[in-house]
Structures are given as structure tokens and as C-alpha cells.
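Engineer: Provided below: run-v5.csv, containing CSV, C-alpha atoms.
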```
chain,number,residue,atom,x,y,z
A,1,MET,CA,123.1,12.7,77.5
A,2,ARG,CA,122.0,11.3,74.1
A,3,GLN,CA,121.2,14.8,72.9
A,4,GLY,CA,124.7,15.9,73.9
A,5,ILE,CA,126.2,13.0,71.9
A,6,ILE,CA,124.2,14.1,68.8
A,7,ALA,CA,125.4,17.7,69.3
A,8,VAL,CA,129.1,16.6,69.5
A,9,LEU,CA,128.8,14.5,66.4
A,10,LEU,CA,127.2,17.4,64.5
A,11,ALA,CA,129.8,19.9,65.7
A,12,SER,CA,132.6,17.6,64.5
A,13,MET,CA,131.2,17.7,61.0
A,14,LEU,CA,130.0,21.2,60.7
A,15,VAL,CA,131.3,24.7,61.0
A,16,LEU,CA,129.6,27.5,62.9
A,17,PRO,CA,126.8,29.5,61.3
A,18,GLY,CA,126.8,33.3,60.8
A,19,CYS,CA,126.9,34.4,57.1
A,20,ILE,CA,130.6,33.7,56.5
A,21,ALA,CA,132.1,32.9,53.2
A,22,SER,CA,132.4,29.1,52.5
A,23,ASP,CA,135.4,27.6,50.6
A,24,ASP,CA,133.3,28.2,47.5
A,25,GLY,CA,133.0,31.9,48.2
A,26,VAL,CA,129.2,31.6,49.0
A,27,GLU,CA,128.0,33.4,52.1
A,28,LEU,CA,125.6,31.1,54.1
A,29,TYR,CA,123.7,31.6,57.3
A,30,GLY,CA,123.1,28.0,58.2
A,31,VAL,CA,125.5,25.5,59.8
A,32,GLU,CA,127.9,24.5,57.0
A,33,TYR,CA,129.6,21.1,56.5
A,34,ARG,CA,133.4,21.4,56.7
A,35,GLU,CA,133.8,19.0,53.7
A,36,PRO,CA,130.4,18.7,52.1
A,37,PRO,CA,129.6,15.0,51.7
A,38,ASP,CA,127.5,13.5,49.0
A,39,ALA,CA,123.9,13.0,50.1
A,40,PRO,CA,123.0,9.3,50.1
A,41,ASP,CA,120.6,8.4,47.3
A,42,PHE,CA,117.2,6.9,48.0
A,43,THR,CA,114.0,6.0,46.2
A,44,LEU,CA,110.7,6.4,48.1
A,45,PHE,CA,107.1,7.2,47.1
A,46,ASP,CA,105.4,10.6,47.3
A,47,GLN,CA,101.8,11.4,48.3
A,48,ASN,CA,100.6,10.6,44.8
A,49,GLY,CA,102.1,7.1,44.9
A,50,ASP,CA,104.8,8.2,42.4
A,51,PRO,CA,108.4,7.1,42.9
A,52,PHE,CA,110.9,9.8,44.0
A,53,THR,CA,114.6,9.2,43.5
A,54,LEU,CA,116.9,11.8,45.0
A,55,SER,CA,119.6,11.5,42.4
A,56,GLU,CA,117.2,12.5,39.6
A,57,HIS,CA,117.1,16.0,41.0
A,58,GLU,CA,120.8,16.7,40.5
A,59,GLY,CA,121.2,20.3,39.3
A,60,LYS,CA,118.6,21.6,41.8
A,61,VAL,CA,119.0,22.8,45.4
A,62,VAL,CA,117.2,20.2,47.5
A,63,VAL,CA,115.8,20.7,51.0
A,64,VAL,CA,115.4,17.4,53.0
A,65,ALA,CA,113.4,17.3,56.3
A,66,PHE,CA,112.6,14.2,58.4
A,67,VAL,CA,109.2,14.7,60.0
A,68,TYR,CA,105.9,12.9,60.5
A,69,THR,CA,102.3,14.1,60.2
A,70,SER,CA,101.0,13.1,63.7
A,71,CYS,CA,103.9,14.7,65.5
A,72,PRO,CA,102.5,16.9,68.3
A,73,ASP,CA,104.9,19.9,68.0
A,74,ILE,CA,108.3,20.4,66.4
A,75,CYS,CA,107.5,18.7,63.0
A,76,LEU,CA,104.5,20.9,62.6
A,77,VAL,CA,106.7,24.0,63.0
A,78,ILE,CA,109.2,22.7,60.5
A,79,SER,CA,106.5,21.9,58.0
A,80,ALA,CA,105.0,25.4,58.4
A,81,ASN,CA,108.4,26.9,57.9
A,82,LEU,CA,108.9,24.9,54.7
A,83,ASP,CA,105.5,26.1,53.5
A,84,TYR,CA,106.5,29.7,54.0
A,85,ILE,CA,109.8,29.0,52.2
A,86,GLY,CA,108.1,27.4,49.3
A,87,GLN,CA,105.7,30.3,48.9
A,88,ASN,CA,108.5,32.9,49.1
A,89,LEU,CA,111.0,31.5,46.6
A,90,ALA,CA,109.7,33.8,43.9
A,91,GLY,CA,112.0,33.5,40.8
A,92,TYR,CA,113.9,30.6,42.4
A,93,SER,CA,111.0,28.2,42.7
A,94,ASP,CA,112.2,26.2,39.6
A,95,ASP,CA,115.7,25.8,41.2
A,96,VAL,CA,114.6,24.4,44.5
A,97,VAL,CA,113.0,21.0,45.5
A,98,ILE,CA,111.5,20.5,48.9
A,99,VAL,CA,111.2,17.0,50.3
A,100,SER,CA,109.7,15.7,53.6
A,101,VAL,CA,110.6,12.1,54.6
A,102,THR,CA,108.3,10.5,57.2
A,103,ILE,CA,109.8,8.8,60.2
A,104,ASP,CA,106.4,7.1,60.9
A,105,PRO,CA,105.6,4.8,58.0
A,106,ALA,CA,103.0,2.9,59.9
A,107,ARG,CA,100.6,5.9,59.9
A,108,ASP,CA,102.1,8.0,57.1
A,109,THR,CA,100.9,5.8,54.2
A,110,VAL,CA,100.6,7.2,50.7
A,111,SER,CA,96.8,7.6,51.0
A,112,HIS,CA,97.2,9.4,54.4
A,113,LEU,CA,99.9,11.7,53.0
A,114,ALA,CA,97.6,12.5,50.0
A,115,GLU,CA,94.8,13.5,52.3
A,116,TRP,CA,97.0,15.4,54.8
A,117,THR,CA,98.8,17.4,52.2
A,118,GLU,CA,95.6,18.4,50.5
A,119,GLN,CA,94.1,19.4,53.9
A,120,MET,CA,97.2,21.5,54.8
A,121,SER,CA,97.6,22.8,51.2
A,122,TYR,CA,101.2,21.6,51.2
A,123,ASP,CA,102.3,20.9,47.6
A,124,TRP,CA,105.9,19.7,48.0
A,125,TYR,CA,107.1,16.1,48.1
A,126,HIS,CA,106.0,14.1,51.1
A,127,LEU,CA,107.7,10.7,51.0
A,128,THR,CA,107.0,7.3,52.6
A,129,GLY,CA,107.9,3.7,51.8
A,130,PRO,CA,108.5,0.3,53.2
A,131,THR,CA,109.8,0.4,56.8
A,132,ALA,CA,113.0,-1.4,55.9
A,133,THR,CA,113.8,1.1,53.1
A,134,LEU,CA,113.1,4.0,55.3
A,135,GLN,CA,115.3,2.6,58.1
A,136,ASP,CA,118.1,2.2,55.6
A,137,THR,CA,117.6,5.9,54.6
A,138,TYR,CA,117.7,7.0,58.3
A,139,ARG,CA,120.9,5.1,58.8
A,140,SER,CA,122.7,6.4,55.7
A,141,TRP,CA,121.6,10.0,56.5
A,142,ASN,CA,122.7,9.7,60.2
A,143,VAL,CA,119.1,10.5,61.3
A,144,ILE,CA,118.5,9.0,64.7
A,145,VAL,CA,115.0,7.6,65.1
A,146,ASP,CA,114.0,6.3,68.5
A,147,ASN,CA,111.6,3.4,67.8
A,148,GLU,CA,110.5,3.4,71.5
A,149,HIS,CA,109.5,7.0,71.1
A,150,ILE,CA,107.6,6.4,67.9
A,151,ASN,CA,105.8,3.5,69.5
A,152,ALA,CA,105.0,5.4,72.7
A,153,SER,CA,103.8,8.4,70.8
A,154,GLN,CA,101.0,6.4,69.3
A,155,PRO,CA,97.8,6.1,71.2
A,156,PRO,CA,97.5,3.2,73.7
A,157,GLU,CA,95.9,0.0,72.3
A,158,GLU,CA,92.7,0.9,74.1
A,159,GLY,CA,92.7,4.4,72.7
A,160,THR,CA,89.9,4.6,70.1
A,161,ASN,CA,88.2,7.1,67.9
A,162,ARG,CA,84.5,7.7,68.2
A,163,ILE,CA,81.7,8.4,65.8
A,164,ALA,CA,78.4,9.3,67.3
A,165,VAL,CA,74.9,10.0,65.8
A,166,LEU,CA,72.1,12.1,67.3
A,167,TYR,CA,68.8,11.3,65.5
A,168,PRO,CA,65.8,13.7,65.1
A,169,ASP,CA,63.9,11.9,67.9
A,170,ASN,CA,66.9,12.5,70.3
A,171,SER,CA,67.9,8.8,70.4
A,172,SER,CA,71.6,8.3,69.8
A,173,PHE,CA,74.3,5.8,68.7
A,174,HIS,CA,78.0,5.7,69.1
A,175,HIS,CA,80.8,3.4,67.9
A,176,ASP,CA,84.4,3.3,69.2
A,177,GLU,CA,87.2,1.9,67.1
A,178,VAL,CA,90.9,2.6,66.4
A,179,GLY,CA,90.9,4.7,63.3
A,180,ALA,CA,94.0,6.9,63.6
A,181,GLY,CA,95.5,7.3,60.1
A,182,LEU,CA,92.2,6.8,58.2
A,183,SER,CA,90.2,9.5,56.6
A,184,ALA,CA,87.1,10.4,58.6
A,185,SER,CA,85.0,9.3,55.6
A,186,ASP,CA,86.6,5.9,55.5
A,187,PHE,CA,86.3,5.6,59.2
A,188,ALA,CA,82.6,6.4,59.2
A,189,ILE,CA,81.9,3.9,56.4
A,190,GLN,CA,83.8,1.2,58.3
A,191,ALA,CA,82.1,2.0,61.6
A,192,PHE,CA,78.5,2.0,60.2
A,193,ASN,CA,79.2,-1.2,58.2
A,194,ASP,CA,80.5,-2.9,61.3
A,195,SER,CA,77.3,-1.8,63.2
A,196,ASN,CA,75.0,-2.9,60.3
A,197,ILE,CA,73.7,0.7,60.0
A,198,SER,CA,72.8,2.1,56.5
A,199,TYR,CA,75.0,5.1,55.7
A,200,ASP,CA,74.9,7.2,52.6
A,201,MET,CA,75.5,10.9,53.0
A,202,SER,CA,75.0,11.6,49.3
A,203,GLU,CA,71.3,10.6,50.1
A,204,GLY,CA,71.4,12.1,53.6
A,205,LEU,CA,70.8,8.7,55.1
A,206,ILE,CA,71.9,7.3,58.4
A,207,GLY,CA,70.0,4.2,59.6
A,208,ASP,CA,66.2,4.8,59.1
A,209,TRP,CA,66.6,8.6,59.1
A,210,GLN,CA,66.9,10.6,55.9
A,211,SER,CA,67.4,14.4,55.9
A,212,GLY,CA,64.9,16.6,54.0
A,213,ASP,CA,63.4,20.0,54.0
A,214,GLU,CA,62.6,20.0,57.7
A,215,TRP,CA,66.1,19.1,59.0
A,216,SER,CA,69.6,18.2,57.9
A,217,TRP,CA,72.6,16.3,59.2
A,218,VAL,CA,75.3,18.6,60.7
A,219,LEU,CA,78.9,17.3,61.2
A,220,HIS,CA,80.5,18.0,64.5
A,221,LEU,CA,84.1,17.5,65.9
A,222,TRP,CA,84.9,16.9,69.5
A,223,ASP,CA,86.8,19.8,71.2
A,224,ILE,CA,88.8,17.9,73.8
A,225,ASP,CA,89.9,21.1,75.6
A,226,ASN,CA,86.3,22.4,76.2
A,227,GLU,CA,84.8,18.9,76.3
A,228,SER,CA,82.1,19.8,73.8
A,229,TRP,CA,80.9,19.1,70.3
A,230,VAL,CA,81.6,21.9,67.8
A,231,PRO,CA,79.9,22.0,64.4
A,232,THR,CA,82.3,22.1,61.4
A,233,GLU,CA,81.9,23.1,57.8
A,234,TRP,CA,84.7,20.8,56.7
A,235,ASP,CA,83.7,18.0,54.3
A,236,ILE,CA,84.1,14.7,56.1
A,237,SER,CA,86.3,13.4,53.3
A,238,SER,CA,88.9,16.2,54.0
A,239,ILE,CA,89.4,15.2,57.7
A,240,SER,CA,92.2,12.8,58.7
A,241,LEU,CA,91.9,11.0,62.0
A,242,ASP,CA,94.5,11.2,64.6
A,243,ALA,CA,94.4,9.9,68.2
A,244,GLY,CA,92.2,12.7,69.4
A,245,THR,CA,89.7,13.0,66.5
A,246,HIS,CA,86.0,12.2,67.3
A,247,LEU,CA,83.1,12.8,65.0
A,248,ALA,CA,79.4,13.1,65.3
A,249,TRP,CA,76.5,13.5,62.9
A,250,ALA,CA,73.6,15.4,64.6
A,251,ALA,CA,70.2,16.2,63.2
A,252,SER,CA,69.7,19.9,63.1
A,253,ASN,CA,66.4,19.7,65.0
A,254,ALA,CA,67.6,17.5,67.8
A,255,ASP,CA,68.6,18.4,71.3
A,256,MET,CA,72.5,18.5,71.4
A,257,GLY,CA,72.4,17.6,75.1
A,258,SER,CA,71.4,14.1,74.1
A,259,LEU,CA,74.5,13.5,72.0
A,260,PRO,CA,77.0,11.2,73.7
A,261,PRO,CA,80.4,12.8,74.5
A,262,GLY,CA,83.3,12.4,72.2
A,263,VAL,CA,85.4,10.6,74.8
A,264,GLU,CA,84.8,9.1,78.1
A,265,CYS,CA,86.5,6.9,80.7
A,266,ASN,CA,83.9,4.1,81.1
A,267,GLY,CA,81.5,6.8,82.2
A,268,HIS,CA,83.5,7.4,85.4
A,269,GLY,CA,86.0,10.2,84.5
A,270,TRP,CA,87.2,12.6,81.9
A,271,VAL,CA,90.2,12.6,79.5
A,272,MET,CA,93.1,15.1,79.9
A,273,GLY,CA,95.7,15.5,77.2
A,274,SER,CA,95.6,14.1,73.7
A,275,GLY,CA,97.4,11.6,71.5
A,276,GLY,CA,100.0,9.6,73.3
A,277,GLY,CA,99.7,11.8,76.4
A,278,ALA,CA,95.9,11.2,76.8
A,279,HIS,CA,94.9,9.8,80.2
A,280,CYS,CA,91.8,9.6,82.3
A,281,MET,CA,91.2,11.6,85.5
A,282,CYS,CA,88.9,9.3,87.3
A,283,ASP,CA,85.9,10.2,89.5
A,284,GLU,CA,86.1,9.7,93.3
A,285,GLY,CA,85.9,6.0,94.0
A,286,TYR,CA,87.5,5.0,90.7
A,287,GLU,CA,91.0,4.4,89.5
A,288,ARG,CA,93.0,3.6,86.4
A,289,PRO,CA,93.9,0.0,86.0
A,290,ASP,CA,97.6,-0.9,85.3
A,291,GLY,CA,98.6,-0.3,81.7
A,292,ASP,CA,95.4,1.3,80.7
A,293,TRP,CA,95.5,5.1,80.7
A,294,LEU,CA,92.1,5.6,79.1
A,295,ALA,CA,89.8,3.7,81.5
A,296,CYS,CA,88.4,4.1,85.0
A,297,VAL,CA,87.4,1.1,87.1
A,298,ALA,CA,86.0,0.9,90.7
A,299,GLU,CA,88.7,1.0,93.3
A,300,GLY,CA,89.7,-2.5,94.3
A,301,THR,CA,88.6,-4.1,91.1
A,302,GLY,CA,91.9,-3.5,89.4
A,303,SER,CA,95.3,-2.4,90.6
A,304,SER,CA,95.9,1.3,90.3
A,305,GLY,CA,98.2,2.6,87.6
A,306,GLN,CA,98.8,5.8,89.6
A,307,SER,CA,101.3,4.3,92.0
A,308,ASN,CA,103.6,2.6,89.5
A,309,GLY,CA,105.7,5.4,88.1
A,310,ALA,CA,105.2,8.0,85.4
A,311,ASP,CA,102.9,7.8,82.4
A,312,PRO,CA,105.2,6.2,79.7
A,313,HIS,CA,103.4,8.1,77.0
A,314,GLU,CA,104.0,11.4,78.8
A,315,GLU,CA,107.6,10.5,79.5
A,316,SER,CA,108.2,9.8,75.8
A,317,LEU,CA,106.6,13.0,74.6
A,318,GLY,CA,108.4,14.9,77.3
A,319,GLU,CA,111.7,13.8,75.7
A,320,TYR,CA,110.5,14.6,72.2
A,321,GLU,CA,113.8,16.2,71.2
A,322,VAL,CA,115.5,12.9,71.4
A,323,GLY,CA,112.7,11.0,69.7
A,324,HIS,CA,114.4,11.7,66.4
A,325,SER,CA,117.1,14.1,65.3
A,326,THR,CA,115.4,17.1,63.7
A,327,VAL,CA,118.0,18.4,61.2
A,328,THR,CA,116.8,20.0,58.0
A,329,PHE,CA,119.4,19.5,55.3
A,330,VAL,CA,120.1,21.7,52.3
A,331,LEU,CA,121.8,20.1,49.4
A,332,ASP,CA,123.7,22.0,46.7
A,333,LYS,CA,123.3,21.3,42.9
A,334,GLN,CA,125.8,18.5,43.2
A,335,LEU,CA,123.6,16.9,45.8
A,336,ARG,CA,126.1,17.4,48.6
A,337,LYS,CA,125.1,18.3,52.1
A,338,ARG,CA,126.1,21.9,52.3
A,339,VAL,CA,124.0,23.4,55.2
A,340,ALA,CA,122.1,22.0,58.2
A,341,TYR,CA,119.4,23.7,60.3
A,342,SER,CA,118.8,22.0,63.6
A,343,GLY,CA,115.4,21.9,65.4
A,344,ILE,CA,113.1,24.9,64.9
A,345,ASP,CA,115.3,27.7,66.2
A,346,TRP,CA,116.2,29.1,62.8
A,347,GLY,CA,114.9,32.0,60.8
A,348,VAL,CA,113.0,31.3,57.6
A,349,ASP,CA,114.6,34.4,55.9
A,350,ASP,CA,118.1,33.1,56.7
A,351,PHE,CA,117.0,29.7,55.2
A,352,LEU,CA,115.7,31.5,52.1
A,353,HIS,CA,119.0,33.4,51.7
A,354,ASP,CA,121.0,30.2,51.7
A,355,LEU,CA,118.7,28.5,49.2
A,356,LYS,CA,119.0,31.4,46.8
A,357,ALA,CA,122.8,31.7,47.3
A,358,LEU,CA,123.3,28.0,46.5
A,359,ALA,CA,120.9,28.3,43.5
A,360,ASP,CA,123.1,31.2,42.2
A,361,GLU,CA,126.3,29.2,42.4
```
Take the structure I supplied and represent it as C-alpha cells, if you would.

Structural biologist:
Amino acid sequence: MRQGIIAVLLASMLVLPGCIASDDGVELYGVEYREPPDAPDFTLFDQNGDPFTLSEHEGKVVVVAFVYTSCPDICLVISANLDYIGQNLAGYSDDVVIVSVTIDPARDTVSHLAEWTEQMSYDWYHLTGPTATLQDTYRSWNVIVDNEHINASQPPEEGTNRIAVLYPDNSSFHHDEVGAGLSASDFAIQAFNDSNISYDMSEGLIGDWQSGDEWSWVLHLWDIDNESWVPTEWDISSISLDAGTHLAWAASNADMGSLPPGVECNGHGWVMGSGGGAHCMCDEGYERPDGDWLACVAEGTGSSGQSNGADPHEESLGEYEVGHSTVTFVLDKQLRKRVAYSGIDWGVDDFLHDLKALADE
């Protein structure tokens, strides 16, 4: 129902797409505004911590998308489309500005956006700011953000990230803590400090063990689908943690079978899904307690969460389209909203055509 209301509102403001000439004589493929309104101004901060004010980019064609980095699906597609567009502007690259505005300021901090954009090789503006400022921006742009969805799409309070260590003598260590939004490097430093374990990878040192000629530390990431540790050549400082990221340092001469798993359900089950949809499948004789989707307890020691309705995280992710309105806006050189592309069902070549057409006006 809510999705239908959004569609009706958009339809009342826009004209149908299809490469028809606008009142200005420009042929556009996207959904055009009947009477292009001025785009509301805002000032936010980019991934480098520098202020970005929309009105300072008058004279350019500006693309504005509202997304967030830990989004499980549609935002990733929009960002990939924007990357393709940015790489294929050719001679129009100086005439077009691409902007992504987060709808998840709690996790999309300046430092996280800096790490994420470097990891993804995305070089356009990714903006964040104080929650109140962003909420004002959403309202002025008529971007609907469902706060319940954003809260539900975060991992449950009990959902933690794990860092594990497998030492050369096959002894092991693991530490669980909420680390989503941190860089893996910062998370490791924090975890080892909290556990009073020496940690200095520039010296190859973890605890009492220092790598040398006979063996080395190898970084692993947990593959939740195959429930196994996978070695990675990524530098730990380039990895950003989300709800499903688990790390391990393993000595190259140790038995990997001795390394603790990346996730577990109190040792009595296994995890299915990831992020906000992660939940335990408990072994026979165990059940999930109420409100805790990442734990397994003996039957009878806690009321079962399986008989009290659907997983709230799963429900929220299942209604992702109404979690926030996913309209990508194209502003003309006067910073008016000229074209809108909704969701992900649009062609990047059509989008490129519209950008070039507006740049040539």
C-alpha cells in the first residue's frame, strides 16, 4: 500500500519516460518532471571530511542518489551503475557531478565512507552528516526513509563480529564484539587490547608468537555460505566490517582444523543468512530464546522464539523496497530536478544519454 502511495505521488509530478522532447526541446529517456522544481540545497560532508554544498555546483549536471553502504541489495546495484556511468562519461566528465547521500548515518561515518570508497574504487562524492541534518535533507527531497527498516536491518544487539587466532602450537583464541562499521584493522587492535594480548603485525607479533623464516601469519575471512575459513590476500586495513565479517590470523604451519569457526550459536547450532537476516538453526534438543536470533539454548531453559511469529529482521529485509524510496535524481545546470530513475530497473546507457543531453543544453 505504501509503495502504491509513493508511485501515485511520483506519477502526479512526473511525465512518462521514452525519449520524448521536453518543453526545452531536449530528448530524455528518464521520467521527466512536468515543471522542474529547484532541488533543495544542502551541506554535508564527503568521504574526505570536506564540506559539500549542492548550490556550489550550479552549472554542472548533478546526479543525486540516496543509498547506504551496508545495504544488502538494491543500493549496491545503484552504486555499481553509478560507477559504470562515471567511467563512461568520456568528454563529459567535467560537466557531471555524481553524489551519493547516505540514509544510514550511524554506520556511514566519514571514516567508514573513506575506507569503503577506497575498497570499492569509487571516486565520486559519498556524503554523510549529523542525523538531524540528513533527516531535513530527506524531508526536503521527499525521500521516504523508514526508520524501523533501518533499525531492523542492523544486526541484532547480540550479533557480533569475531576475530580468531590459530597459533603455531595449534592452540587458539577468539574474541567476539560488535564491530560493524569499523575497519578490520581497528577492530583487531581493539579486540586484542581488550583481551590484553600483544598485537603488532608490522613485527609479525600476536601474543607470545612472532612470525619468522619458518612460518608466517595468514589472514582468513569466514565464508558464511560454505562455513569455512578462506585465506585472503587483502590487507587487513582495506577491509570494512559489516554484520557478517569475521577474521582470523592463522599460523601457516598450524592445523586449520583447530581454528574456531567464524560464527556459532553457543556451540549448539549453525547460522543461516547474514546481516539483519542472520539466525541460528539449532541442533536437536535446543531452541532459540525469545528476541535472540543468534543463540541456541537447551529446550525448556528459555521460551522458544520460533512460535512467536516471523523473524522481524527477515520481514524488514523482505519489504526492502519500502525501506526507503530509491529514486536517483538528475539535476540540470540550473540545479532543477529534471529526470528521475526509480529503483534499479533502468538502463545505464539511457542514463548516460540523459546526462549528455542535459550537459549539451

Engineer: Which residue gives the smallest distance to Trp141 of chain A among A:Ile85, A:Leu219, A:Val101, A:Leu358, with only C-alpha atoms counted?

Structural biologist: A:Val101

Engineer: Calculated over all atoms listed in the file, which of the candidates A:Asp213, A:Asp176, A:Asp108, A:Asp283 has the smallest distance to Gln47 of chain A?

Structural biologist: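 Closest to Gln47 of chain A, using all atoms listed in the file: A:Asp108.
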
Engineer: Give me, please, the distance in Å between atom CA of Asn170 of chain A and atom CA of Glu233 of chain A, quoted to one decimal.

Structural biologist: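 Between atom CA of Asn170 of chain A and atom CA of Glu233 of chain A the gap works out to 22.2 Å.
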
Engineer: Between A:Pro261, A:Gly343, A:Gly244, A:Gly204, which one has atoms that come closest to Thr160 of chain A, using all atoms listed in the file?

Structural biologist: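 Using all atoms listed in the file, Thr160 of chain A sits closest to A:Gly244.
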
Engineer: Counting all atoms listed in the file, what is within 10 Å of Thr53 of chain A, bar same-chain residues fewer than 2 positions away, as a PyMOL selection string?

Structural biologist: chain A and resi 41-45+50-51+55-57

Engineer: Measure the distance from atom CA of Met281 of chain A to atom CA of Trp229 of chain A in Å and round it to one decimal.

Structural biologist: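 Separation between atom CA of Met281 of chain A and atom CA of Trp229 of chain A: 19.8 Å.
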
Engineer: Taking (96.7, 9.5, 53.3) in the file's coordinates, which residues come within 8 Å, counting all atoms listed in the file, written as a ChimeraX atom specification?

Structural biologist: /A:47,108-116,181-183,240

Engineer: Take the residues just selected and output them with C-alpha atoms as a JSON list (two decimals), in the frame of the given file.

Structural biologist:
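Contents of result.json, as written:
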```json
[["chain", "number", "residue", "atom", "x", "y", "z"],
["A", 47, "GLN", "CA", 101.80, 11.40, 48.30],
["A", 108, "ASP", "CA", 102.10, 8.00, 57.10],
["A", 109, "THR", "CA", 100.90, 5.80, 54.20],
["A", 110, "VAL", "CA", 100.60, 7.20, 50.70],
["A", 111, "SER", "CA", 96.80, 7.60, 51.00],
["A", 112, "HIS", "CA", 97.20, 9.40, 54.40],
["A", 113, "LEU", "CA", 99.90, 11.70, 53.00],
["A", 114, "ALA", "CA", 97.60, 12.50, 50.00],
["A", 115, "GLU", "CA", 94.80, 13.50, 52.30],
["A", 116, "TRP", "CA", 97.00, 15.40, 54.80],
["A", 181, "GLY", "CA", 95.50, 7.30, 60.10],
["A", 182, "LEU", "CA", 92.20, 6.80, 58.20],
["A", 183, "SER", "CA", 90.20, 9.50, 56.60],
["A", 240, "SER", "CA", 92.20, 12.80, 58.70]]
```

Engineer: I'd like to know which of A:Arg107, A:Gln135, A:Gln190, A:Val330 is closest to Leu352 of chain A, using only C-alpha atoms.

Structural biologist: A:Val330

Engineer: One decimal, Å: what's the distance from atom CA of Asn48 of chain A over to atom CA of Ser100 of chain A, could you say?

Structural biologist: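 Between atom CA of Asn48 of chain A and atom CA of Ser100 of chain A the gap works out to 13.6 Å.
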
Engineer: Compare A:Val96, A:Leu54, A:Ala106, A:Ala243 by their minimum atom-to-atom distance to Gly179 of chain A, counting only C-alpha atoms, and give me the closest one.

Structural biologist: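 The answer is A:Ala243, which sits nearest to Gly179 of chain A.
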
Engineer: Please list as number ranges by chain every residue within 10 Å of Val62 of chain A, counting all atoms listed in the file and excluding residues in the same chain fewer than 6 positions away.

Structural biologist: A: 54, 95-99, 329-337, 355, 358-359

Engineer: Emit the selected residues as an mmCIF file, keeping the file's coordinate frame, including C-alpha atoms.

Structural biologist:
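And here's result_25.cif as it stands now:
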```cif
data_model
loop_
_atom_site.group_PDB
_atom_site.id
_atom_site.type_symbol
_atom_site.label_atom_id
_atom_site.label_comp_id
_atom_site.auth_asym_id
_atom_site.auth_seq_id
_atom_site.Cartn_x
_atom_site.Cartn_y
_atom_site.Cartn_z
ATOM 1 C CA LEU A 54 116.900 11.800 45.000
ATOM 2 C CA ASP A 95 115.700 25.800 41.200
ATOM 3 C CA VAL A 96 114.600 24.400 44.500
ATOM 4 C CA VAL A 97 113.000 21.000 45.500
ATOM 5 C CA ILE A 98 111.500 20.500 48.900
ATOM 6 C CA VAL A 99 111.200 17.000 50.300
ATOM 7 C CA PHE A 329 119.400 19.500 55.300
ATOM 8 C CA VAL A 330 120.100 21.700 52.300
ATOM 9 C CA LEU A 331 121.800 20.100 49.400
ATOM 10 C CA ASP A 332 123.700 22.000 46.700
ATOM 11 C CA LYS A 333 123.300 21.300 42.900
ATOM 12 C CA GLN A 334 125.800 18.500 43.200
ATOM 13 C CA LEU A 335 123.600 16.900 45.800
ATOM 14 C CA ARG A 336 126.100 17.400 48.600
ATOM 15 C CA LYS A 337 125.100 18.300 52.100
ATOM 16 C CA LEU A 355 118.700 28.500 49.200
ATOM 17 C CA LEU A 358 123.300 28.000 46.500
ATOM 18 C CA ALA A 359 120.900 28.300 43.500
#
```

Engineer: Would you mind listing what lies within 10 Å of segment 205-211 of chain A as a list in words, with all atoms listed in the file counted and same-chain residues fewer than 4 positions away left out?

Structural biologist: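 Non-adjacent residues within range: Val165, Tyr167, Pro168, Asp169, Phe192, Asn196, Ile197, Ser198, Tyr199, Asp200, Met201, Trp215, Ser216, Trp217, Trp249, Ala251 and Ser252 of chain A.
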
Engineer: Pick out the residues sitting within 12 Å of Asn161 of chain A, and hand them over as a ChimeraX atom specification; count only C-alpha atoms, and ignore anything fewer than 5 positions along from it in its own chain.

Structural biologist: /A:155-156,174-184,187-188,191,221-222,240-248,261-264,274-275,294
